[in-house]
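Listing of query_30.txt; format and content: compact mmCIF, C-alpha atoms and all ligand atoms.
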# COMPACT_ATOMS: atom_id res chain seq x y z
CA PRO A 250 10.33 28.22 -41.30
CA ARG A 251 11.24 24.76 -40.05
CA GLY A 252 8.55 22.16 -39.64
CA ARG A 253 7.95 20.17 -36.52
CA VAL A 254 11.17 18.49 -35.38
CA THR A 255 11.25 15.38 -33.20
CA ALA A 256 13.95 12.85 -32.44
CA LEU A 257 14.38 9.27 -31.26
CA ARG A 258 17.43 7.85 -29.54
CA GLY A 259 18.35 4.18 -29.09
CA ALA A 260 19.97 1.19 -30.75
CA THR A 261 19.10 0.79 -34.43
CA VAL A 262 19.39 -1.75 -37.20
CA SER A 263 18.73 -1.15 -40.87
CA LEU A 264 19.98 -2.32 -44.26
CA ARG A 265 22.09 -0.43 -46.75
CA ASP A 266 21.87 -3.07 -49.43
CA ASP A 267 20.56 -6.51 -50.40
CA PRO A 268 22.17 -9.35 -48.40
CA PHE A 269 21.10 -11.86 -51.04
CA GLN A 270 23.51 -10.15 -53.44
CA ALA A 271 26.27 -8.96 -51.08
CA PRO A 272 27.73 -10.21 -47.76
CA SER A 273 25.41 -9.60 -44.78
CA ALA A 274 28.05 -7.70 -42.85
CA ALA A 275 28.38 -5.15 -45.65
CA CYS A 276 24.60 -4.68 -45.82
CA LEU A 277 23.63 -4.36 -42.15
CA GLU A 278 23.99 -0.98 -40.46
CA HIS A 279 23.82 -1.18 -36.68
CA TYR A 280 24.30 1.40 -33.93
CA ASP A 281 24.28 0.73 -30.20
CA ASP A 282 23.27 4.31 -29.57
CA ALA A 283 21.87 6.25 -32.51
CA LEU A 284 19.96 9.45 -33.02
CA ILE A 285 17.19 9.82 -35.59
CA VAL A 286 16.09 13.39 -36.25
CA ILE A 287 12.72 13.78 -37.95
CA GLU A 288 11.27 16.86 -39.57
CA ASP A 289 7.84 16.93 -41.21
CA GLY A 290 7.69 13.15 -41.35
CA ARG A 291 11.12 12.65 -42.90
CA ILE A 292 14.47 11.64 -41.46
CA THR A 293 16.78 14.64 -41.66
CA ALA A 294 19.71 13.32 -39.64
CA PHE A 295 20.75 9.83 -38.59
CA GLY A 296 23.87 8.30 -37.11
CA ALA A 297 25.77 7.56 -33.94
CA TYR A 298 24.39 9.73 -31.13
CA ALA A 299 27.82 11.11 -30.25
CA THR A 300 28.28 12.65 -33.69
CA THR A 301 24.67 13.25 -34.80
CA ARG A 302 23.61 15.17 -31.68
CA ARG A 303 25.05 18.28 -33.35
CA ALA A 304 22.18 18.11 -35.85
CA LEU A 305 19.62 18.38 -33.06
CA PRO A 306 17.99 21.83 -32.96
CA ALA A 307 18.06 23.57 -29.60
CA GLY A 308 15.13 22.64 -27.40
CA VAL A 309 14.40 19.28 -29.05
CA GLU A 310 14.68 16.49 -26.51
CA PRO A 311 14.92 13.04 -28.12
CA ARG A 312 12.63 10.30 -26.86
CA ARG A 313 15.08 7.77 -25.51
CA PHE A 314 14.46 4.03 -25.75
CA GLU A 315 16.50 1.84 -23.42
CA ASN A 316 16.86 -1.88 -23.94
CA ALA A 317 15.25 -1.46 -27.32
CA LEU A 318 16.02 -1.85 -30.99
CA ILE A 319 14.69 0.62 -33.54
CA THR A 320 14.05 -0.79 -37.02
CA PRO A 321 12.44 0.53 -40.17
CA GLY A 322 8.67 0.03 -40.17
CA PHE A 323 7.95 -3.37 -41.70
CA VAL A 324 6.42 -4.10 -45.10
CA ASP A 325 3.70 -6.75 -45.44
CA ALA A 326 3.64 -7.26 -49.20
CA HIS A 327 0.54 -9.49 -49.33
CA VAL A 328 -2.39 -9.41 -46.93
CA HIS A 329 -6.20 -9.64 -47.07
CA TYR A 330 -7.80 -7.29 -44.55
CA PRO A 331 -11.31 -8.81 -44.91
CA GLN A 332 -9.91 -12.13 -43.73
CA THR A 333 -8.88 -10.77 -40.32
CA GLN A 334 -11.88 -12.55 -38.83
CA ILE A 335 -10.94 -16.01 -40.13
CA ILE A 336 -7.29 -16.15 -39.07
CA GLY A 337 -6.54 -19.71 -38.09
CA ALA A 338 -9.80 -21.17 -39.45
CA PHE A 339 -9.04 -24.83 -39.67
CA GLY A 340 -9.50 -26.17 -43.13
CA SER A 341 -8.32 -28.27 -45.95
CA ASP A 342 -6.19 -27.07 -48.81
CA LEU A 343 -6.33 -23.69 -50.54
CA LEU A 344 -9.38 -24.29 -52.74
CA GLY A 345 -11.37 -25.93 -49.94
CA TRP A 346 -10.43 -23.14 -47.53
CA LEU A 347 -11.59 -20.49 -50.03
CA GLU A 348 -15.01 -22.18 -50.40
CA ARG A 349 -15.53 -23.00 -46.75
CA TYR A 350 -14.29 -19.85 -45.00
CA THR A 351 -13.07 -17.11 -47.29
CA PHE A 352 -15.96 -16.57 -49.65
CA PRO A 353 -18.67 -16.65 -46.93
CA THR A 354 -16.64 -14.13 -44.91
CA GLU A 355 -16.06 -11.80 -47.83
CA LEU A 356 -19.81 -11.79 -48.58
CA LEU A 357 -20.28 -9.92 -45.27
CA PHE A 358 -18.42 -6.96 -46.79
CA ALA A 359 -21.47 -6.10 -48.87
CA ASP A 360 -22.25 -4.11 -45.70
CA ARG A 361 -20.16 -0.94 -45.77
CA ALA A 362 -20.30 -0.48 -42.01
CA HIS A 363 -18.84 -3.94 -41.54
CA ALA A 364 -16.01 -3.11 -43.93
CA GLU A 365 -15.28 0.10 -42.02
CA GLN A 366 -15.17 -1.71 -38.68
CA VAL A 367 -12.83 -4.41 -39.90
CA ALA A 368 -10.58 -1.91 -41.73
CA ALA A 369 -10.17 0.11 -38.53
CA LEU A 370 -9.34 -2.91 -36.43
CA PHE A 371 -7.02 -4.41 -39.04
CA LEU A 372 -4.96 -1.26 -39.48
CA ARG A 373 -4.41 -0.94 -35.74
CA ALA A 374 -3.38 -4.58 -35.59
CA LEU A 375 -0.86 -3.98 -38.39
CA PHE A 376 0.66 -1.05 -36.50
CA ALA A 377 0.74 -3.07 -33.28
CA ALA A 378 2.73 -5.70 -35.17
CA GLY A 379 5.23 -3.08 -36.38
CA THR A 380 4.03 -3.00 -39.99
CA THR A 381 3.71 0.44 -41.54
CA THR A 382 3.29 -0.39 -45.24
CA ALA A 383 1.24 -3.18 -46.78
CA ALA A 384 -0.15 -4.35 -50.10
CA VAL A 385 -3.74 -5.04 -49.14
CA TYR A 386 -6.59 -6.90 -50.81
CA GLY A 387 -10.16 -5.74 -50.27
CA THR A 388 -13.17 -7.75 -51.36
CA VAL A 389 -15.04 -7.43 -54.64
CA HIS A 390 -17.04 -4.55 -53.13
CA ALA A 391 -15.63 -1.16 -54.16
CA HIS A 392 -16.46 0.30 -50.74
CA SER A 393 -14.17 -2.29 -49.10
CA ALA A 394 -11.25 -0.44 -50.72
CA ASP A 395 -12.71 2.95 -49.79
CA ALA A 396 -12.97 1.85 -46.16
CA PHE A 397 -9.35 0.76 -46.01
CA PHE A 398 -7.94 3.79 -47.83
CA ALA A 399 -9.93 6.19 -45.64
CA GLU A 400 -8.58 4.55 -42.50
CA ALA A 401 -4.98 4.53 -43.78
CA GLU A 402 -5.29 8.20 -44.76
CA ARG A 403 -6.24 9.15 -41.19
CA PHE A 404 -2.78 8.01 -40.07
CA GLY A 405 -0.87 9.15 -43.15
CA ALA A 406 0.35 5.61 -43.73
CA ARG A 407 2.00 4.48 -46.96
CA MET A 408 -0.36 1.77 -48.18
CA ILE A 409 -1.23 0.04 -51.43
CA ALA A 410 -4.65 -1.53 -51.82
CA GLY A 411 -7.30 -2.49 -54.31
CA LYS A 412 -10.77 -3.86 -54.77
CA VAL A 413 -10.72 -7.51 -55.83
CA MET A 414 -11.82 -8.26 -59.39
CA MET A 415 -13.50 -11.65 -59.83
CA ASP A 416 -16.19 -12.67 -62.30
CA ARG A 417 -16.41 -16.47 -62.09
CA ASN A 418 -16.02 -19.56 -59.91
CA ALA A 419 -17.24 -17.96 -56.69
CA PRO A 420 -20.65 -17.29 -55.07
CA GLU A 421 -22.91 -14.97 -57.06
CA GLY A 422 -22.71 -12.24 -54.40
CA LEU A 423 -18.94 -12.00 -54.81
CA LEU A 424 -18.87 -11.61 -58.58
CA ASP A 425 -18.50 -8.47 -60.59
CA THR A 426 -18.20 -8.41 -64.38
CA ALA A 427 -15.31 -7.39 -66.60
CA GLU A 428 -17.02 -4.02 -67.19
CA ARG A 429 -18.00 -3.36 -63.59
CA GLY A 430 -14.61 -4.45 -62.30
CA TYR A 431 -13.01 -2.03 -64.73
CA GLU A 432 -15.29 0.91 -63.97
CA GLU A 433 -15.16 0.51 -60.18
CA SER A 434 -11.40 0.09 -60.18
CA ARG A 435 -11.00 3.14 -62.42
CA ALA A 436 -13.14 5.25 -60.07
CA LEU A 437 -11.11 4.05 -57.07
CA ILE A 438 -7.85 4.92 -58.85
CA GLU A 439 -9.14 8.42 -59.49
CA ARG A 440 -10.23 8.82 -55.89
CA TRP A 441 -7.23 7.33 -54.09
CA HIS A 442 -4.16 6.75 -56.22
CA GLY A 443 -1.41 9.22 -55.38
CA ARG A 444 -3.49 10.88 -52.67
CA GLY A 445 -1.01 11.49 -49.84
CA ARG A 446 0.91 8.26 -49.41
CA LEU A 447 -1.76 5.98 -50.86
CA GLY A 448 -1.41 3.95 -54.02
CA TYR A 449 -3.75 1.72 -55.94
CA ALA A 450 -3.18 -1.91 -56.89
CA VAL A 451 -5.34 -3.44 -59.61
CA THR A 452 -6.36 -6.69 -57.92
CA PRO A 453 -7.68 -9.56 -60.07
CA ARG A 454 -8.09 -12.26 -57.39
CA PHE A 455 -6.36 -15.06 -59.33
CA ALA A 456 -6.70 -16.54 -62.79
CA PRO A 457 -9.35 -19.16 -61.87
CA ALA A 458 -11.72 -16.41 -60.65
CA CYS A 459 -11.24 -14.18 -63.70
CA SER A 460 -12.46 -14.57 -67.27
CA ASP A 461 -10.20 -13.61 -70.17
CA ALA A 462 -12.27 -10.45 -70.57
CA GLN A 463 -11.67 -9.52 -66.95
CA LEU A 464 -7.93 -10.15 -67.17
CA ASP A 465 -7.94 -7.92 -70.26
CA ALA A 466 -9.74 -5.24 -68.25
CA ALA A 467 -7.08 -5.49 -65.53
CA GLY A 468 -4.39 -5.16 -68.21
CA ALA A 469 -6.09 -2.06 -69.59
CA LEU A 470 -6.25 -0.47 -66.12
CA LEU A 471 -2.55 -1.13 -65.63
CA ALA A 472 -1.64 0.26 -69.05
CA GLU A 473 -3.80 3.37 -68.68
CA ASN A 474 -2.64 4.32 -65.17
CA PRO A 475 1.08 4.89 -64.74
CA GLY A 476 2.29 4.17 -61.22
CA VAL A 477 -0.65 1.93 -60.37
CA ARG A 478 0.45 -1.58 -59.31
CA LEU A 479 -0.96 -5.02 -59.92
CA GLN A 480 -1.37 -7.69 -57.25
CA THR A 481 -2.64 -11.23 -57.62
CA HIS A 482 -1.93 -14.85 -56.69
CA LEU A 483 0.35 -17.10 -58.73
CA ALA A 484 0.99 -20.85 -58.50
CA GLU A 485 0.12 -21.22 -54.83
CA SER A 486 -1.07 -24.83 -54.72
CA ALA A 487 -0.72 -27.85 -57.00
CA ALA A 488 -4.50 -28.24 -57.39
CA GLU A 489 -4.83 -24.59 -58.34
CA VAL A 490 -2.06 -24.91 -60.96
CA ALA A 491 -3.82 -27.96 -62.47
CA TRP A 492 -7.09 -26.01 -62.57
CA VAL A 493 -5.45 -23.08 -64.38
CA LYS A 494 -4.06 -25.51 -66.95
CA GLU A 495 -7.64 -26.72 -67.59
CA LEU A 496 -9.14 -23.23 -67.70
CA PHE A 497 -6.44 -21.74 -69.97
CA PRO A 498 -5.33 -24.64 -72.21
CA ALA A 499 -3.77 -22.28 -74.76
CA ARG A 500 -1.31 -20.74 -72.30
CA ALA A 501 2.14 -22.21 -71.68
CA ASP A 502 1.80 -22.06 -67.89
CA TYR A 503 0.23 -20.07 -65.05
CA LEU A 504 2.60 -17.10 -65.38
CA ASP A 505 1.90 -17.00 -69.11
CA VAL A 506 -1.82 -16.43 -68.38
CA TYR A 507 -0.93 -13.16 -66.68
CA ALA A 508 1.76 -12.25 -69.23
CA HIS A 509 -0.69 -12.84 -72.09
CA HIS A 510 -3.05 -10.23 -70.60
CA GLY A 511 -0.35 -7.63 -69.99
CA LEU A 512 -0.21 -8.32 -66.27
CA ALA A 513 3.43 -9.40 -65.91
CA GLY A 514 5.79 -6.43 -65.61
CA PRO A 515 7.76 -4.23 -63.24
CA ARG A 516 4.63 -3.11 -61.38
CA SER A 517 3.39 -6.68 -60.75
CA LEU A 518 3.33 -8.35 -57.34
CA PHE A 519 2.69 -12.07 -57.51
CA GLY A 520 1.81 -13.75 -54.22
CA HIS A 521 3.22 -17.22 -53.40
CA ALA A 522 4.88 -18.34 -56.69
CA ILE A 523 5.61 -21.75 -55.19
CA HIS A 524 5.05 -24.02 -58.16
CA LEU A 525 7.25 -22.20 -60.69
CA ASP A 526 10.01 -23.77 -62.73
CA GLU A 527 13.35 -22.24 -63.68
CA ASP A 528 11.98 -20.89 -66.93
CA ALA A 529 9.17 -19.04 -65.12
CA PHE A 530 11.65 -17.50 -62.64
CA ALA A 531 13.74 -16.39 -65.62
CA ARG A 532 10.67 -14.76 -67.21
CA CYS A 533 9.89 -12.97 -63.91
CA HIS A 534 13.44 -11.63 -63.97
CA ALA A 535 13.16 -10.60 -67.61
CA CYS A 536 9.90 -8.69 -67.12
CA ASP A 537 11.00 -7.49 -63.63
CA ALA A 538 7.88 -8.77 -61.84
CA ALA A 539 8.16 -9.12 -58.05
CA LEU A 540 7.17 -12.15 -55.97
CA VAL A 541 5.83 -12.26 -52.44
CA HIS A 542 6.90 -15.09 -50.16
CA CYS A 543 4.12 -16.00 -47.72
CA PRO A 544 5.63 -18.78 -45.61
CA GLY A 545 3.13 -18.76 -42.74
CA SER A 546 0.21 -19.16 -45.11
CA ASN A 547 1.98 -21.81 -47.18
CA LEU A 548 2.65 -23.90 -44.08
CA PHE A 549 -0.87 -23.43 -42.69
CA LEU A 550 -2.63 -24.48 -45.90
CA GLY A 551 0.08 -26.97 -46.87
CA SER A 552 0.45 -25.22 -50.22
CA GLY A 553 4.13 -26.02 -50.66
CA LEU A 554 7.58 -24.57 -50.04
CA PHE A 555 8.74 -21.46 -51.89
CA ARG A 556 12.22 -21.82 -53.40
CA LEU A 557 13.48 -18.44 -52.23
CA PHE A 558 17.13 -18.92 -53.13
CA ASP A 559 16.20 -19.99 -56.66
CA ALA A 560 14.04 -16.87 -56.99
CA VAL A 561 16.83 -14.50 -55.93
CA ASP A 562 19.60 -16.36 -57.80
CA PRO A 563 22.20 -13.62 -58.51
CA ARG A 564 22.47 -14.79 -62.13
CA ARG A 565 18.87 -13.63 -62.77
CA PRO A 566 17.52 -12.22 -59.50
CA VAL A 567 13.80 -11.70 -59.00
CA ARG A 568 12.67 -9.11 -56.45
CA VAL A 569 11.02 -10.79 -53.44
CA GLY A 570 9.03 -9.36 -50.54
CA LEU A 571 7.49 -11.04 -47.51
CA GLY A 572 3.75 -11.37 -46.87
CA SER A 573 1.65 -12.54 -43.96
CA ASP A 574 -1.22 -13.49 -46.30
CA VAL A 575 -3.61 -13.19 -43.37
CA GLY A 576 -6.17 -14.86 -43.12
CA ALA A 577 -4.52 -17.96 -44.68
CA GLY A 578 -1.45 -16.74 -42.83
CA THR A 579 -1.82 -17.05 -39.09
CA SER A 580 -0.04 -13.95 -37.83
CA LEU A 581 0.39 -10.29 -38.76
CA SER A 582 3.78 -10.24 -37.03
CA PRO A 583 6.65 -9.67 -39.47
CA PHE A 584 8.87 -11.55 -37.01
CA ARG A 585 6.65 -14.60 -37.26
CA SER A 586 6.80 -14.38 -41.06
CA MET A 587 10.60 -14.01 -40.94
CA GLY A 588 10.87 -16.98 -38.60
CA ASP A 589 8.63 -19.06 -40.87
CA ALA A 590 10.74 -18.04 -43.88
CA CYS A 591 13.87 -19.27 -42.07
CA LYS A 592 12.21 -22.63 -41.37
CA VAL A 593 10.91 -23.06 -44.92
CA SER A 594 14.37 -22.29 -46.30
CA ALA A 595 15.98 -24.74 -43.88
CA VAL A 596 13.61 -27.49 -45.06
CA VAL A 597 14.40 -26.86 -48.73
CA GLY A 598 18.09 -27.03 -47.88
CA ARG A 599 19.29 -23.42 -47.77
CA ARG A 600 19.88 -21.48 -44.57
CA LEU A 601 18.37 -18.03 -44.53
CA ALA A 602 20.63 -15.56 -42.72
CA ALA A 603 19.04 -13.16 -40.24
CA ALA A 604 19.97 -10.18 -42.40
CA GLN A 605 18.31 -11.82 -45.40
CA ALA A 606 15.05 -12.49 -43.55
CA PHE A 607 15.15 -8.92 -42.24
CA HIS A 608 15.68 -7.67 -45.79
CA LEU A 609 12.57 -9.48 -47.06
CA ALA A 610 10.49 -7.72 -44.41
CA THR A 611 11.97 -4.23 -44.89
CA LEU A 612 14.04 -3.03 -47.85
CA GLY A 613 13.22 -6.08 -50.00
CA GLY A 614 9.50 -5.50 -49.47
CA ALA A 615 9.95 -1.84 -50.33
CA ARG A 616 11.73 -2.86 -53.56
CA ALA A 617 8.97 -5.31 -54.41
CA LEU A 618 6.47 -2.46 -54.04
CA GLY A 619 8.69 -0.01 -55.94
CA VAL A 620 9.05 2.41 -53.01
CA GLU A 621 12.62 1.61 -51.94
CA ASP A 622 13.64 5.26 -52.32
CA ARG A 623 11.16 6.28 -49.58
CA ILE A 624 10.75 3.47 -47.05
CA GLY A 625 12.37 0.24 -45.91
CA ARG A 626 15.49 1.82 -44.38
CA ILE A 627 16.51 4.20 -41.67
CA ALA A 628 18.36 6.81 -43.70
CA VAL A 629 18.43 10.54 -44.30
CA GLY A 630 15.71 11.56 -46.76
CA TYR A 631 13.60 8.49 -45.99
CA GLU A 632 10.10 8.72 -44.57
CA ALA A 633 10.14 8.27 -40.80
CA ASP A 634 8.22 4.99 -40.57
CA LEU A 635 9.85 3.19 -37.66
CA CYS A 636 9.30 0.35 -35.26
CA VAL A 637 10.67 0.20 -31.72
CA LEU A 638 11.21 -3.30 -30.32
CA ASP A 639 11.29 -4.00 -26.61
CA LEU A 640 14.21 -6.34 -25.92
CA ALA A 641 12.81 -7.06 -22.47
CA ALA A 642 9.29 -7.77 -23.70
CA THR A 643 9.23 -11.07 -21.83
CA PRO A 644 11.57 -12.56 -19.21
CA LEU A 645 12.57 -15.25 -21.69
CA LEU A 646 13.42 -12.72 -24.39
CA ALA A 647 15.36 -10.53 -21.95
CA PHE A 648 17.36 -13.58 -20.88
CA ARG A 649 17.98 -14.77 -24.43
CA ALA A 650 18.99 -11.29 -25.62
CA ARG A 651 21.78 -11.20 -23.02
CA TRP A 652 23.31 -14.24 -24.72
CA CYS A 653 23.42 -12.67 -28.17
CA ASP A 654 26.75 -11.23 -29.16
CA SER A 655 25.89 -9.78 -32.53
CA VAL A 656 22.92 -7.93 -33.97
CA GLU A 657 22.40 -10.81 -36.38
CA GLU A 658 22.10 -13.26 -33.54
CA LEU A 659 19.70 -10.90 -31.82
CA LEU A 660 17.54 -10.66 -34.95
CA PHE A 661 17.43 -14.44 -35.13
CA ALA A 662 16.40 -14.68 -31.49
CA LEU A 663 13.65 -12.12 -32.09
CA MET A 664 12.33 -14.08 -35.08
CA THR A 665 12.06 -17.10 -32.85
CA LEU A 666 10.75 -15.61 -29.64
CA ALA A 667 8.69 -12.70 -30.92
CA ASP A 668 5.05 -12.33 -30.14
CA ASP A 669 2.83 -9.28 -30.04
CA ARG A 670 4.47 -8.02 -26.85
CA LEU A 671 7.67 -7.32 -28.79
CA VAL A 672 6.59 -4.04 -30.37
CA ARG A 673 6.86 -1.11 -28.02
CA ALA A 674 5.96 1.68 -30.44
CA THR A 675 5.32 2.19 -34.14
CA TYR A 676 5.86 5.51 -35.94
CA VAL A 677 4.28 6.59 -39.20
CA ALA A 678 5.81 9.69 -40.79
CA GLY A 679 7.33 10.54 -37.43
CA GLU A 680 4.13 10.22 -35.40
CA ALA A 681 3.46 7.38 -32.96
CA VAL A 682 0.49 5.40 -34.28
CA PHE A 683 0.97 2.64 -31.74
CA ASP A 684 2.52 3.22 -28.35
CA ARG A 685 2.38 0.60 -25.65
CA ASP A 686 3.44 3.05 -22.99
CA GLY A 687 1.68 6.10 -24.33
N1 LIG A 701 -6.02 -17.44 -54.04
C1 LIG A 701 -7.13 -16.79 -54.44
N2 LIG A 701 -7.69 -16.11 -53.41
C2 LIG A 701 -6.91 -16.33 -52.35
C3 LIG A 701 -6.96 -15.89 -50.98
O1 LIG A 701 -7.83 -15.16 -50.56
N3 LIG A 701 -5.96 -16.34 -50.17
C4 LIG A 701 -4.96 -17.15 -50.62
N4 LIG A 701 -4.01 -17.54 -49.77
N5 LIG A 701 -4.90 -17.58 -51.87
C5 LIG A 701 -5.86 -17.18 -52.73
ZN ZN A 702 -3.48 -14.07 -50.61

Please rewrite the model in this file as structure tokens.
Amino acid sequence: PRGRVTALRGATVSLRDDPFQAPSAACLEHYDDALIVIEDGRITAFGAYATTRRALPAGVEPRRFENALITPGFVDAHVHYPQTQIIGAFGSDLLGWLERYTFPTELLFADRAHAEQVAALFLRALFAAGTTTAAVYGTVHAHSADAFFAEAERFGARMIAGKVMMDRNAPEGLLDTAERGYEESRALIERWHGRGRLGYAVTPRFAPACSDAQLDAAGALLAENPGVRLQTHLAESAAEVAWVKELFPARADYLDVYAHHGLAGPRSLFGHAIHLDEDAFARCHACDAALVHCPGSNLFLGSGLFRLFDAVDPRRPVRVGLGSDVGAGTSLSPFRSMGDACKVSAVVGRRLAAAQAFHLATLGGARALGVEDRIGRIAVGYEADLCVLDLAATPLLAFRARWCDSVEELLFALMTLADDRLVRATYVAGEAVFDRDG
């Protein structure tokens, strides 16, 4: 018997391939009037309405979106859900901001009920922003990860998350030990990894907060659990890089600290990666580690400017996703992150094309997370995680959209003018999890 069939009709945009490696026009797939047929959470037919309507079973009436643009659900490849409550907290640089705002806030997550409340609010805010998959940091408390996974499971969302491991250079109440970090992470992997669409990420906070023993424990977790990912921070600010040099004098550089402990490989997601030289990019390529560009956060904290085009250099490309890095980042909107990425690239002297920014937030993010065969595109066989944008969300946007004569121009305009009114509906596995009109 067939499962539940639903369908959406409207304009669509999606990527077939990577516009950093091939011309944008060859990568973008755009329809003015498309039909997406969904069965049991997967896309079973997709294409121009006129031809695809034949695939529509009798009695299924598509939900039609006028003056809209349907995109894949967005991927936020680096975000801290416990920091939702300190978005935009005015501070100094990274290390000062961690001391002054982040650590005191994360201490509150010792209370499980607090973690549950924030997880529920955060996930709804992600959906309202159009994001359907994220790589999420908890706090050091194991139940912070439980709270997030439980909430994500209620919606059937594809999410990666982990409990933070940290055993030094932070307040006592936020420290675990190498052993406890290992045991709690192992128990969480058993409970959540591979359950439905959930995946676990071993999450050592960053080298300065982890002893050698703890980094070894993280390496063991990664080695012992196929499919589990690793997420951490790498070379975000100059002061942090100098500190790592002091703490790990025997290592060649920051990336080498992680490599030495077995943490640099195809399942690794390194946030920021601003202060890396050519040799480090080449090693990321060689070990197939992925980087996460977090432009909003980097501008807010003044951490520096990521050299995106060096990272993705076709001679030795490194996979790159896009992250909000909330709460150092100031917005959960993927359009804000894309817009910030365009501005950062412009300042470092390379123009980011609309299709390239869009790639970072969709298919590129999916590749960074190793799930590009399931999400990040609108295509037959893909999971039906979708975002519907309202092109008349504001009078200004409606006016501007009329003056766009290509989908690339429209995407650019959206990156500039988007705010949280832009998203009209968000679908996870074919079900609306956010619906402004519903
Ligand atoms: N480095 C270590 N911890 C953090 C964090 O919570 N946010 C950011 N932006 N950088 C970090
Ligand atoms: Zn971060």

Find, counting all atoms listed in the file, the residue in A:Leu612, A:Ala499, A:Ala436, A:Met408 that gets nearest to Ala391 of chain A.
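Between A:Leu612, A:Ala499, A:Ala436, A:Met408, the residue approaching Ala391 of chain A most closely is A:Ala436.
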
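Near ligand ZN 702 (chain A), at distances of 10 Å or less and with all atoms listed in the file counted, sit the residues Ala326, His327, Val328, His329, Gln332, Val385, Tyr386, Arg454, Phe455, Gln480, Thr481, His482, Leu483, Glu485, Phe519, Gly520, His521, Val541, Cys543, Ser546, Gly572, Ser573, Asp574, Val575, Gly576, Ala577 and Gly578 of chain A.
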
So what do you get for atom CA of Ala539 of chain A versus atom CA of Leu618 of chain A, distance-wise?
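A separation of 8.0 Å between them.
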
As lines of an AutoDock Vina configuration file, what would the box around ligand LIG 701 (chain A) look like: edges along x, y and z, 6 Å added on every side, centre and edge lengths in Å to one decimal?
center_x = -5.9
center_y = -16.4
center_z = -52.1
size_x = 15.8
size_y = 14.4
size_z = 16.7

Ref. answer, residues at most 9 Å from (-11.1, -18.0, -62.3) with only C-alpha atoms, as a PyMOL selection string:
chain A and resi 415-419+454-460+492-493+496

Take the residues just selected and output them with C-alpha atoms as a PDB file, in the coordinates of the input.
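Ended up saving to part07.pdb:
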ATOM      1  CA  MET A 415     -13.500 -11.650 -59.830  1.00  0.00           C
ATOM      2  CA  ASP A 416     -16.190 -12.670 -62.300  1.00  0.00           C
ATOM      3  CA  ARG A 417     -16.410 -16.470 -62.090  1.00  0.00           C
ATOM      4  CA  ASN A 418     -16.020 -19.560 -59.910  1.00  0.00           C
ATOM      5  CA  ALA A 419     -17.240 -17.960 -56.690  1.00  0.00           C
ATOM      6  CA  ARG A 454      -8.090 -12.260 -57.390  1.00  0.00           C
ATOM      7  CA  PHE A 455      -6.360 -15.060 -59.330  1.00  0.00           C
ATOM      8  CA  ALA A 456      -6.700 -16.540 -62.790  1.00  0.00           C
ATOM      9  CA  PRO A 457      -9.350 -19.160 -61.870  1.00  0.00           C
ATOM     10  CA  ALA A 458     -11.720 -16.410 -60.650  1.00  0.00           C
ATOM     11  CA  CYS A 459     -11.240 -14.180 -63.700  1.00  0.00           C
ATOM     12  CA  SER A 460     -12.460 -14.570 -67.270  1.00  0.00           C
ATOM     13  CA  TRP A 492      -7.090 -26.010 -62.570  1.00  0.00           C
ATOM     14  CA  VAL A 493      -5.450 -23.080 -64.380  1.00  0.00           C
ATOM     15  CA  LEU A 496      -9.140 -23.230 -67.700  1.00  0.00           C
TER      16      LEU A 496
END

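Taking atom CA of Val490 of chain A and atom CA of Cys591 of chain A as the two end points, the separation is 25.3 Å.
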